[in-house]
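Structure first, commentary second.
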Amino acid sequence: FKFFLTTWPLPEGIAWGARGTTQTCTAAGFFGHGAGLAGPLYNGSLTLYYFLTIRDRARWREERIRSIEPWLHAVPLAIGWSTAIAGLPLKLYNPFGWTCWIGPWPPGCQQTYKFGQTTCIRGDNADIYRWAFFHGELWLTFILIFLGMAFIYQTVERADRMTGNSR
């Protein structure tokens, strides 16, 4: 939805089609961040579910899977939306290219972590928060998904060879 809006929520004058305010940009950044992080994390939960049910099925019977299933739903949502909420009082959601996301305002302002003092009106240290609140979790999830899928593939391939169905 956030990408459908494109430049509309940006404060007027920032980009072509911008019709918003700081508040609309903050709202778009908040919802875009929360959903944008929770979605990939949920894919990580699905990978963990399939890893446990396929690769480690001897220890993870259906009753045991059911006991952790609420966590597989709750953790991605909690991480995605708690980091989105944390960005609100830090005033992190600002125009960032053609969208609203975690970024310093005005663009190119001096951030405290680089210069010891800031010239940013909003989003001081946004570069650090972008990694702490989004990229770190996202890359860790991608790595875990890759490893989980590789192990699942290996398990299915081994089972296929054992049953004589491999080509």
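Lettering and numbering for the structure tokens are positional, with chains as A, B, ... in the shown order, residues counted from 1 in each chain, and ligands counted from 1 in the shown order.
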Hey, which bits of range 6-49 of chain A sit within 9 Å of range 123-139 of chain A, and for each residue what's the closest pair of atoms and how far apart in Å (one decimal), counting only C-alpha atoms, rows by chain and increasing number, as CSV?
residue,atom,partner,partner_atom,distance
A:His33,CA,A:Phe134,CA,7.9
A:Gly36,CA,A:Phe134,CA,8.8
A:Leu37,CA,A:Phe134,CA,6.5
A:Pro40,CA,A:Leu138,CA,7.0
A:Leu41,CA,A:Leu138,CA,7.2
So that I have them on file, write out the residues from the current selection with N, CA and C atoms, as a compact mmCIF listing (two decimals), in the first residue's frame.
# COMPACT_ATOMS: atom_id res chain seq x y z
N HIS A 33 7.14 0.70 7.42
CA HIS A 33 8.19 0.01 8.18
C HIS A 33 7.62 -1.20 8.90
N GLY A 36 6.60 -3.74 6.34
CA GLY A 36 7.76 -4.11 5.54
C GLY A 36 8.75 -4.99 6.27
N LEU A 37 8.77 -4.93 7.59
CA LEU A 37 9.64 -5.80 8.37
C LEU A 37 8.89 -7.04 8.83
N PRO A 40 8.70 -10.09 5.89
CA PRO A 40 9.84 -11.00 5.75
C PRO A 40 10.11 -11.82 7.02
N LEU A 41 9.88 -11.24 8.19
CA LEU A 41 10.07 -12.02 9.41
C LEU A 41 9.06 -13.16 9.49
Which range 7-110 of chain A residues have any atom within 8 Å of an atom of range 152-161 of chain A, and for each, what is the nearest pair of atoms with distance in Å to one decimal, counting only C-alpha atoms, rows sorted by chain and number, as CSV?
residue,atom,partner,partner_atom,distance
A:Tyr50,CA,A:Ile152,CA,7.8
A:Phe51,CA,A:Ile152,CA,6.0
A:Ile54,CA,A:Ile152,CA,6.6
A:Arg55,CA,A:Ile152,CA,5.8
Taking the chain letters and numbering used in this document, name the residues of range 21-155 of chain A that DSSP puts in alpha helix (DSSP H), as a count of residues only. 84
Those in range 82-157 of chain A with strand (DSSP E) from DSSP, as a list in words: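 Selection result, strand (DSSP E) within range 82-157 of chain A: Tyr93, Asn94, Pro95, Phe96, Thr99, Cys100, Trp101 and Ile102 of chain A.
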Please produce a file of the residues just selected, as a compact mmCIF listing (two decimals), in the first residue's frame, where the atoms kept are N, CA and C atoms.
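Generated output (out_38.txt):
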# COMPACT_ATOMS: atom_id res chain seq x y z
N TYR A 93 10.78 8.89 10.80
CA TYR A 93 10.10 8.76 9.51
C TYR A 93 10.05 10.11 8.80
N ASN A 94 10.82 10.18 7.73
CA ASN A 94 11.01 11.41 6.99
C ASN A 94 11.09 11.09 5.50
N PRO A 95 11.03 12.11 4.65
CA PRO A 95 11.23 11.85 3.23
C PRO A 95 12.58 11.16 3.01
N PHE A 96 12.53 10.09 2.26
CA PHE A 96 13.74 9.29 1.99
C PHE A 96 13.67 8.88 0.52
N THR A 99 10.05 8.14 -1.16
CA THR A 99 9.10 7.59 -0.19
C THR A 99 9.37 8.17 1.20
N CYS A 100 8.61 7.72 2.17
CA CYS A 100 8.81 8.12 3.57
C CYS A 100 9.30 6.89 4.33
N TRP A 101 10.42 7.04 4.99
CA TRP A 101 10.99 5.91 5.72
C TRP A 101 11.98 6.44 6.75
N ILE A 102 12.80 5.59 7.30
CA ILE A 102 13.79 5.99 8.30
C ILE A 102 14.89 6.78 7.59
With only C-alpha atoms as the basis for distance, which of A:Trp105, A:Trp71, A:Phe146, A:Trp8 is at the shortest distance from Cys25 in chain A?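 Nearest to Cys25 in chain A: A:Trp8.
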Close residues, Gly44 in chain A itself excluded, 6 Å, only C-alpha atoms, min 3 positions apart in chain, as a PyMOL selection string: chain A and resi 41+47+141+145
Saved selection, atoms kept: C-alpha atoms, as a PDB file, in the first residue's frame:
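Saved the output as selection_34.pdb:
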ATOM      1  CA  LEU A  41      10.069 -12.016   9.413  1.00  0.00           C
ATOM      2  CA  THR A  47      10.707 -21.484   7.146  1.00  0.00           C
ATOM      3  CA  THR A 141      16.142 -13.487   8.444  1.00  0.00           C
ATOM      4  CA  ILE A 145      15.664 -18.660   5.441  1.00  0.00           C
TER       5      ILE A 145
END
Quick check, in Å to one decimal: how far apart do CA of Ala78 in chain A and CA of Gly34 in chain A lie?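 If I compute the distance from CA of Ala78 in chain A to CA of Gly34 in chain A, I get 9.2 Å.
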Distance criterion (only C-alpha atoms): nearest to Thr22 in chain A out of A:Gly39, A:Gly116, A:Pro106, A:Pro9: A:Pro9
May I ask for the distance between CA of Thr83 in chain A and CA of Ala38 in chain A, given in Å to one decimal place? 9.9 Å
Given only C-alpha atoms as the counted atoms, nearest of A:Ala86, A:Leu48, A:Ile121, A:Leu72 to Phe151 in chain A: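 So, comparing all the options, the nearest one is A:Leu48.
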Of A:Pro89, A:Tyr42, A:Gly164, A:Tyr49, the one nearest to Val75 in chain A when counting only C-alpha atoms is A:Tyr42
Would you pick out the contacts of Thr21 in chain A at 9 Å or less, using only C-alpha atoms, so that residues sharing its chain but fewer than 2 positions from it are not included, and give the list as JSON, numbers by chain? {"A": [9, 10, 11, 12, 18, 19, 23, 24, 25, 26]}
Go ahead and dump the residues you just picked, N, CA, C and O atoms, as an mmCIF file, in the first residue's frame.
data_model
loop_
_atom_site.group_PDB
_atom_site.id
_atom_site.type_symbol
_atom_site.label_atom_id
_atom_site.label_comp_id
_atom_site.auth_asym_id
_atom_site.auth_seq_id
_atom_site.Cartn_x
_atom_site.Cartn_y
_atom_site.Cartn_z
ATOM 1 N N PRO A 9 2.315 11.017 0.153
ATOM 2 C CA PRO A 9 2.455 11.433 1.559
ATOM 3 C C PRO A 9 3.628 12.362 1.835
ATOM 4 O O PRO A 9 3.712 12.949 2.915
ATOM 5 N N LEU A 10 4.556 12.506 0.884
ATOM 6 C CA LEU A 10 5.691 13.404 1.099
ATOM 7 C C LEU A 10 5.202 14.839 1.265
ATOM 8 O O LEU A 10 4.219 15.240 0.636
ATOM 9 N N PRO A 11 5.873 15.618 2.103
ATOM 10 C CA PRO A 11 5.491 17.028 2.221
ATOM 11 C C PRO A 11 5.561 17.723 0.865
ATOM 12 O O PRO A 11 6.450 17.453 0.060
ATOM 13 N N GLU A 12 4.608 18.597 0.625
ATOM 14 C CA GLU A 12 4.528 19.315 -0.655
ATOM 15 C C GLU A 12 5.849 19.996 -0.974
ATOM 16 O O GLU A 12 6.512 20.545 -0.100
ATOM 17 N N ALA A 18 3.944 15.181 -4.651
ATOM 18 C CA ALA A 18 3.884 15.258 -3.192
ATOM 19 C C ALA A 18 2.754 16.182 -2.769
ATOM 20 O O ALA A 18 2.673 17.324 -3.210
ATOM 21 N N ARG A 19 1.868 15.661 -1.923
ATOM 22 C CA ARG A 19 0.717 16.439 -1.462
ATOM 23 C C ARG A 19 0.542 16.379 0.056
ATOM 24 O O ARG A 19 -0.450 16.834 0.578
ATOM 25 N N GLN A 23 3.258 14.931 8.994
ATOM 26 C CA GLN A 23 2.438 13.906 9.649
ATOM 27 C C GLN A 23 2.059 12.776 8.687
ATOM 28 O O GLN A 23 2.087 11.607 9.072
ATOM 29 N N THR A 24 1.701 13.102 7.440
ATOM 30 C CA THR A 24 1.358 12.032 6.497
ATOM 31 C C THR A 24 2.593 11.210 6.152
ATOM 32 O O THR A 24 2.508 9.988 5.977
ATOM 33 N N CYS A 25 3.731 11.854 6.085
ATOM 34 C CA CYS A 25 4.973 11.136 5.819
ATOM 35 C C CYS A 25 5.316 10.222 6.999
ATOM 36 O O CYS A 25 5.729 9.075 6.805
ATOM 37 N N THR A 26 5.121 10.713 8.207
ATOM 38 C CA THR A 26 5.356 9.893 9.392
ATOM 39 C C THR A 26 4.438 8.677 9.390
ATOM 40 O O THR A 26 4.881 7.556 9.660
#
